[in-house]
There are 2 protein chains.
Amino acid sequence: MRAEIIAVGSELLTPYKLDTNSLYLTEKLLEVGIKVAYKTVVGDNREDLYKAIKDASKRVPLIILTGGLGPTEDDITREVVANFLKKELILKEEIIEKIRRHFEVRGIKMPDINIRQAFVIEGALVMENNVGTAPGLWIDEEKIKIALLPGPPRELKPMVENFLINELKKYGSYNYYSRTMRIVGLTESETEEKIEDIISGLKNPWINILAIPGQIEINILGRGKNSIEEAEDRVNEVFNRILERLKDYVFTLEKESLEEVVGKLLKKRGESLSVAESCTGGLLSNRITNISGSSAYFERGVVTYSNNAKMEILGVKSETLKKHGAVSRETALEMVEGIKRLSKTDYGLAITGIAGPTGGTGEKPVGTVFIALSTPQKSEVFKYRFIGDREKIKWQSSQQALYHLWKHLKNG
Amino acid sequence: MRAEIIAVGSELLTPYKLDTNSLYLTEKLLEVGIKVAYKTVVGDNREDLYKAIKDASKRVPLIILTGGLGPTEDDITREVVANFLKKELILKEEIIEKIRRHFEVRGIKMPDINIRQAFVIEGALVMENNVGTAPGLWIDEEKIKIALLPGPPRELKPMVENFLINELKKYGSYNYYSRTMRIVGLTESETEEKIEDIISGLKNPWINILAIPGQIEINILGRGKNSIEEAEDRVNEVFNRILERLKDYVFTLEKESLEEVVGKLLKKRGESLSVAESCTGGLLSNRITNISGSSAYFERGVVTYSNNAKMEILGVKSETLKKHGAVSRETALEMVEGIKRLSKTDYGLAITGIAGPTGGTGEKPVGTVFIALSTPQKSEVFKYRFIGDREKIKWQSSQQALYHLWKHLKNG
């Protein structure tokens with residue numbers, strides 16, 4: 001069975017806001033073998049919504065509506081669907097009671113307008129809302145199936161997982177299976193070149209390559225005609241061939257970040273890390289400390305933006321700065337050895353470079369970055385020339401620093 | 001005139017990718033008085049796309065298609081639109097030449113498949129692509145107007161700005177005007193409470209309140225029936241009333257970030273800043289150094305994650321840590337005075353707290369954060385209790401730290 005998702009809300013037709021529920025819904029629908037064929041966004045306008053539902057009903061047998069279930073006059077989804085199906089709206093006392101209690105436990109009297117949310121389309125099943133006030137509705141007719149879900153993700157998600165997905169299971173006519181890998185240390189074109197012969201022309205499984213600066217994610221999505229095993233086989237065959245080619249660069253088979261993977265390795269090994277940053281300005285420390293429990297392995301970081309700070313905190317020599325400059329192999333090395341000496345950690349990382357857009361020279365253009373890794377055995381410096389704006393250069397620098405540490409930890 | 005945007009591409013129907021071109025297009029269309037009434041996403045499937053175009057043509061007189069203009073067999077937009085309009089596709093020699101040159105200057109022979117991109121729908125105007133190979137097409141018939149734009153934003157945008165928008169101007173039937181303000185130091189509900197009587201029930205201008213942790217953006221979008229002046233008057237009247245109420249918290253009337261505004265103030269005053277972070281782990285330094293030219297005022301930052309680091313780098317006293325703990329007013333104060341002493345800057349900021357999800361206690365639950373600001377006159381500490389996950393607590397902490405500095409700089 002194929003579906004159309006219709007997101008209702010005038011705010012989704014402004015330059016300010018996108019419908020993001022559809023990504024979540026698409027994933028959940030795929031899990032039960034239902035494919036999204038269309039996504040539509042329409043405003044809080046009776047006539048427009050009516051047309052959207054009518055057109056969708058001719059295109060697909062299943063419509064998932066999100067939004068427009070609130071208590072105000074702009075919330076028209078219930079009414080328009082009832083009108084489209086030529087059904088009555090029935091006021092349910094037990095839902096009024098539930099909404100009333102929702103307000104009561106918060107010490108508030110239920111506003112009268114919320115009574116609107118207790119209207120149910122004749123013949124619809126009610127999906128309880130344990131987070132907010134708007135119940136969802138599920139209409140399962142022979143000709144057309146329509147789900148009405150609230151817009152806020154924290155209300156919509158439990159409804160889908162606790163109720164809707166079980167109803168939809170019986171209509172799943174596809175068998176989908178997907179796997180993911182994330183890659184660091186290769187560019188998008190280097191990655192594609194390595195696996196071109198495997199993925200070229202593939203339709204099932206279908207390959208999606210998502211590149212962000214310094215990271216490639218490969219999603220492999222397969223369909224089985226008769227069974228989920230067929231989908232799994234198709235995906236696994238391609239997955240294993242790709243993994244064999246890229247194994248030196250694949251840091252996770254989940255949706256983990258590189259800082260998460262590096263953190264787990266450090267934790268397992270009982271080792272510690274400190275960092276000294278110049279051009280990344282704290283980004284590397286920030287990423288490392290985004291991981292819960294990072295205090296177990298992250299000892300300290302310094303953002304030595306000025307030359308004085310590099311000399312005073314890290315003991316970088318004035319002659320080094322004069323002779324080679326702040327952006328140099330030599331400075332990176334003294335930074336990493338300084339931070340390790342100070343913090344007495346097993347590993348140190350240091351980054352110095354030119355994030356731009358100004359500050360570049362002929363010899364050291366914008367994007368020139370030196371990354372130093374110090375392990376218990378030795379210190380090494382890697383030179384890069386990144387492309388992009390200031391934030392992209394900062395990001396790639398932090399990503400490559402984590403990459404070098406990951407490579408060492410993985411093999412060590 | 002009202003429009004429908006149709007984004008074409010099977011990748012936009014996966015859980016991995018959203019159509020973001022529509023935000024840009026919506027803004028540009030509003031500027032010339034055209035309102036987006038529907039947005040649709042459809043896959044690379046002839047029948048589905050045909051139906052989407054047909055349905056759209058019954059709903060609105062203007063269709064903007066993005067994507068599906070590439071050289072592969074999956075790129076079907078040209079063909080399907082020609083089919084829908086019952087028009088021929090004509091091969092244009094001059095476009096082949098242009099594509100051939102595009103490859104030549106890159107030292108590559110044009111692949112044969114790219115010839116597909118030189119087909120033009122009978123009667124369509126060609127929109128040149130100076131970045132990629134796929135030209136855009138503009139069909140301006142009495143009954144229906146259709147634009148075909150390439151999917152990649154860097155190809156689409158110049159085409160819209162250099163060509164399409166001029167064609168569309170003559171069909172703009174609305175007059176739109178919008179203004180923005182960004183607020184810090186108030187929650188969403190505090191903001192709404194302060195201006196409820198102004199915005200309640202307003203339809204024109206229309207108010208959009210976007211809340212991210214620690215920041216509120218208010219967009220005011222007005223429509224003039226007969227003139228742009230009417231739209232401006234409607235917007236400005238509401239804008240000025242809101243601004244009067246919120247002026248102590250409005251940090252920009254543009255789309256600037258708080259770190260950008262703070263940076264400009266420091267630069268103008270010729271003053272300098274250093275920061276000491278614990279729970280924010282480098283986020284504050286990172287945000288400050290995301291601004292180009294920040295080296296003019298940002299001297300250094302330290303991420304003193306461990307107690308040792310707090311004592312060794314900042315001179316926080318062992319007794320303070322023992323008696324009051326690392327998360328305390330006293331520690332925050334010694335941190336900020338330590339970093340100012342070390343770096344000799346005019347201002348210092350320090351943050352220490354519990355970002356969670358673990359580490360909270362009954363007395364100091366997760367989200368407890370102390371923020372210290374040191375100015376040339378005095379040092380002050382502010383206590384917060386933030387709600388949310390680890391990254392949200394980090395973000396709000398950095399935002400409130402910038403807020404206190406901004407408040408001082410603005411009034412000073």
# chains A, B, ... in the order shown; residues from 1 in each chain; ligands from 1
>>> residues_around(residues="Thr187 of chain B", least_positions_apart="3", cutoff="8 Å", atoms="only C-alpha atoms", output="list in words")
Glu190, Thr191, Gly214, Gln215 and Ile216 of chain B
>>> write_last_selection(atoms="N, CA and C atoms", output="PDB file, in the first residue's frame")
ATOM      1  N   GLU B 190       6.664  34.065  28.585  1.00  0.00           N
ATOM      2  CA  GLU B 190       6.819  35.445  29.073  1.00  0.00           C
ATOM      3  C   GLU B 190       6.643  36.440  27.925  1.00  0.00           C
ATOM      4  N   THR B 191       7.222  36.099  26.764  1.00  0.00           N
ATOM      5  CA  THR B 191       7.096  36.973  25.597  1.00  0.00           C
ATOM      6  C   THR B 191       5.633  37.103  25.191  1.00  0.00           C
ATOM      7  N   GLY B 214      16.345  29.627  24.609  1.00  0.00           N
ATOM      8  CA  GLY B 214      17.072  30.856  24.908  1.00  0.00           C
ATOM      9  C   GLY B 214      16.889  31.975  23.915  1.00  0.00           C
ATOM     10  N   GLN B 215      16.053  31.796  22.922  1.00  0.00           N
ATOM     11  CA  GLN B 215      15.857  32.862  21.934  1.00  0.00           C
ATOM     12  C   GLN B 215      14.472  32.787  21.305  1.00  0.00           C
ATOM     13  N   ILE B 216      13.857  33.951  21.139  1.00  0.00           N
ATOM     14  CA  ILE B 216      12.552  34.028  20.493  1.00  0.00           C
ATOM     15  C   ILE B 216      12.698  34.925  19.271  1.00  0.00           C
TER      16      ILE B 216
END
>>> interface_residues(of="chain B", to="chain A", cutoff="6 Å", atoms="only C-alpha atoms", output="list in words")
Pro15, Leu23, Thr26, Glu27, Tyr38, Lys39, Thr40, Val41, Val42, Gly281, Gly282, Leu283, Ser285, Asn286, Thr289, Glu299, Arg300, Gly301, Val302, Val303, Thr304, Tyr305 and Ser306 of chain B
>>> closest_residue(among="A:Gly325, A:Gly367, A:Gly185, A:Pro205", to="Lys247 of chain A", atoms="only C-alpha atoms")
A:Gly185
>>> residues_around(residues="Thr72 of chain A", least_positions_apart="2", cutoff="9 Å", atoms="only C-alpha atoms", output="ChimeraX atom specification")
/A:68-70,74-76,113-114,116
>>> residues_around(residues="Leu148 of chain B", least_positions_apart="4", cutoff="9 Å", atoms="only C-alpha atoms", output="PyMOL selection string")
chain B and resi 63-69+77-78+81+135-139
>>> select_by_dssp(residues="segment 1-72 of chain A", states="helix (DSSP H, G or I)", output="VMD selection string")
chain A and resid 10 to 13 21 to 31 46 to 59
>>> write_last_selection(atoms="N, CA and C atoms", output="tab-separated table (two decimals), in the first residue's frame")
chain	number	residue	atom	x	y	z
A	10	SER	N	-0.83	26.81	8.14
A	10	SER	CA	-0.36	27.96	7.35
A	10	SER	C	1.09	28.31	7.65
A	11	GLU	N	1.54	28.02	8.89
A	11	GLU	CA	2.94	28.35	9.22
A	11	GLU	C	3.91	27.51	8.37
A	12	LEU	N	3.44	26.35	7.85
A	12	LEU	CA	4.30	25.51	7.02
A	12	LEU	C	4.38	26.00	5.58
A	13	LEU	N	3.64	27.07	5.30
A	13	LEU	CA	3.70	27.68	3.96
A	13	LEU	C	4.39	29.03	4.01
A	21	ASN	N	7.74	16.35	10.56
A	21	ASN	CA	7.09	15.10	10.97
A	21	ASN	C	7.15	14.04	9.87
A	22	SER	N	7.15	14.49	8.62
A	22	SER	CA	7.07	13.52	7.52
A	22	SER	C	8.28	12.60	7.47
A	23	LEU	N	9.45	13.08	7.93
A	23	LEU	CA	10.63	12.20	7.94
A	23	LEU	C	10.40	11.03	8.90
A	24	TYR	N	9.93	11.37	10.08
A	24	TYR	CA	9.63	10.35	11.09
A	24	TYR	C	8.55	9.39	10.58
A	25	LEU	N	7.48	9.95	10.04
A	25	LEU	CA	6.36	9.12	9.57
A	25	LEU	C	6.80	8.19	8.44
A	26	THR	N	7.63	8.72	7.53
A	26	THR	CA	8.12	7.91	6.42
A	26	THR	C	8.88	6.70	6.94
A	27	GLU	N	9.72	6.92	7.93
A	27	GLU	CA	10.51	5.83	8.49
A	27	GLU	C	9.60	4.78	9.13
A	28	LYS	N	8.62	5.23	9.91
A	28	LYS	CA	7.71	4.30	10.59
A	28	LYS	C	6.86	3.53	9.57
A	29	LEU	N	6.42	4.21	8.54
A	29	LEU	CA	5.60	3.55	7.52
A	29	LEU	C	6.42	2.50	6.77
A	30	LEU	N	7.66	2.86	6.44
A	30	LEU	CA	8.54	1.89	5.76
A	30	LEU	C	8.71	0.63	6.60
A	31	GLU	N	8.82	0.82	7.91
A	31	GLU	CA	9.02	-0.33	8.79
A	31	GLU	C	7.88	-1.34	8.69
A	46	ARG	N	-10.20	25.88	4.58
A	46	ARG	CA	-11.14	24.78	4.35
A	46	ARG	C	-11.13	24.27	2.91
A	47	GLU	N	-11.26	25.20	1.98
A	47	GLU	CA	-11.37	24.82	0.58
A	47	GLU	C	-10.09	24.13	0.10
A	48	ASP	N	-8.94	24.72	0.47
A	48	ASP	CA	-7.66	24.14	0.04
A	48	ASP	C	-7.46	22.75	0.62
A	49	LEU	N	-7.78	22.59	1.88
A	49	LEU	CA	-7.59	21.29	2.52
A	49	LEU	C	-8.52	20.25	1.92
A	50	TYR	N	-9.76	20.67	1.65
A	50	TYR	CA	-10.72	19.74	1.03
A	50	TYR	C	-10.17	19.22	-0.29
A	51	LYS	N	-9.66	20.13	-1.11
A	51	LYS	CA	-9.10	19.72	-2.40
A	51	LYS	C	-7.90	18.80	-2.22
A	52	ALA	N	-7.07	19.13	-1.25
A	52	ALA	CA	-5.87	18.30	-1.03
A	52	ALA	C	-6.27	16.88	-0.66
A	53	ILE	N	-7.27	16.75	0.21
A	53	ILE	CA	-7.71	15.41	0.63
A	53	ILE	C	-8.36	14.68	-0.54
A	54	LYS	N	-9.19	15.40	-1.28
A	54	LYS	CA	-9.88	14.78	-2.41
A	54	LYS	C	-8.85	14.28	-3.45
A	55	ASP	N	-7.90	15.13	-3.80
A	55	ASP	CA	-6.89	14.72	-4.78
A	55	ASP	C	-6.08	13.53	-4.26
A	56	ALA	N	-5.69	13.59	-3.00
A	56	ALA	CA	-4.91	12.49	-2.41
A	56	ALA	C	-5.71	11.19	-2.46
A	57	SER	N	-7.01	11.28	-2.19
A	57	SER	CA	-7.83	10.06	-2.15
A	57	SER	C	-7.91	9.38	-3.51
A	58	LYS	N	-7.67	10.14	-4.57
A	58	LYS	CA	-7.66	9.54	-5.92
A	58	LYS	C	-6.29	8.97	-6.27
A	59	ARG	N	-5.26	9.41	-5.51
A	59	ARG	CA	-3.89	8.99	-5.84
A	59	ARG	C	-3.48	7.76	-5.03
>>> atom_distance(atom1="atom CA of Ile393 of chain B", atom2="atom CA of Lys407 of chain B")
20.9 Å
>>> residues_around(residues="Gly172 of chain B", least_positions_apart="2", cutoff="7 Å", atoms="only C-alpha atoms", output="PyMOL selection string")
chain B and resi 1+32-34+168-170+174
>>> select_by_dssp(residues="segment 296-330 of chain A", states="strand (DSSP E)", output="ChimeraX atom specification")
/A:298-303
>>> atom_distance(atom1="atom CA of Leu149 of chain A", atom2="atom CA of Ala124 of chain A")
12.6 Å
>>> closest_residue(among="A:Gly132, A:Gly315, A:Gly353, A:Gly362", to="Lys340 of chain A", atoms="only C-alpha atoms")
A:Gly315
>>> closest_residue(among="A:Ile146, A:Val184, A:Leu409, A:Met110", to="Leu85 of chain A", atoms="only C-alpha atoms")
A:Ile146
>>> residues_around(residues="Ile95 of chain B", least_positions_apart="2", cutoff="9 Å", atoms="only C-alpha atoms", output="CSV table (one decimal) with C-alpha atoms, in the first residue's frame")
chain,number,residue,atom,x,y,z
B,91,LEU,CA,16.5,19.5,-29.1
B,92,LYS,CA,18.4,22.8,-29.0
B,93,GLU,CA,21.9,22.8,-30.6
B,97,GLU,CA,27.1,23.6,-27.2
B,98,LYS,CA,26.8,25.3,-23.9
B,99,ILE,CA,26.8,22.1,-21.9
B,100,ARG,CA,29.8,20.8,-24.0
B,115,ILE,CA,22.3,15.7,-24.4
B,117,GLN,CA,19.4,18.3,-20.9
B,118,ALA,CA,19.3,20.2,-24.2
B,119,PHE,CA,15.7,19.3,-24.9
B,135,PRO,CA,18.9,24.9,-18.0
>>> atom_distance(atom1="atom CA of Asp140 of chain B", atom2="atom CA of Leu125 of chain B")
8.4 Å
>>> closest_residue(among="A:Leu314, A:Val327, A:Leu405, A:Ile121", to="Gly360 of chain A", atoms="only C-alpha atoms")
A:Val327
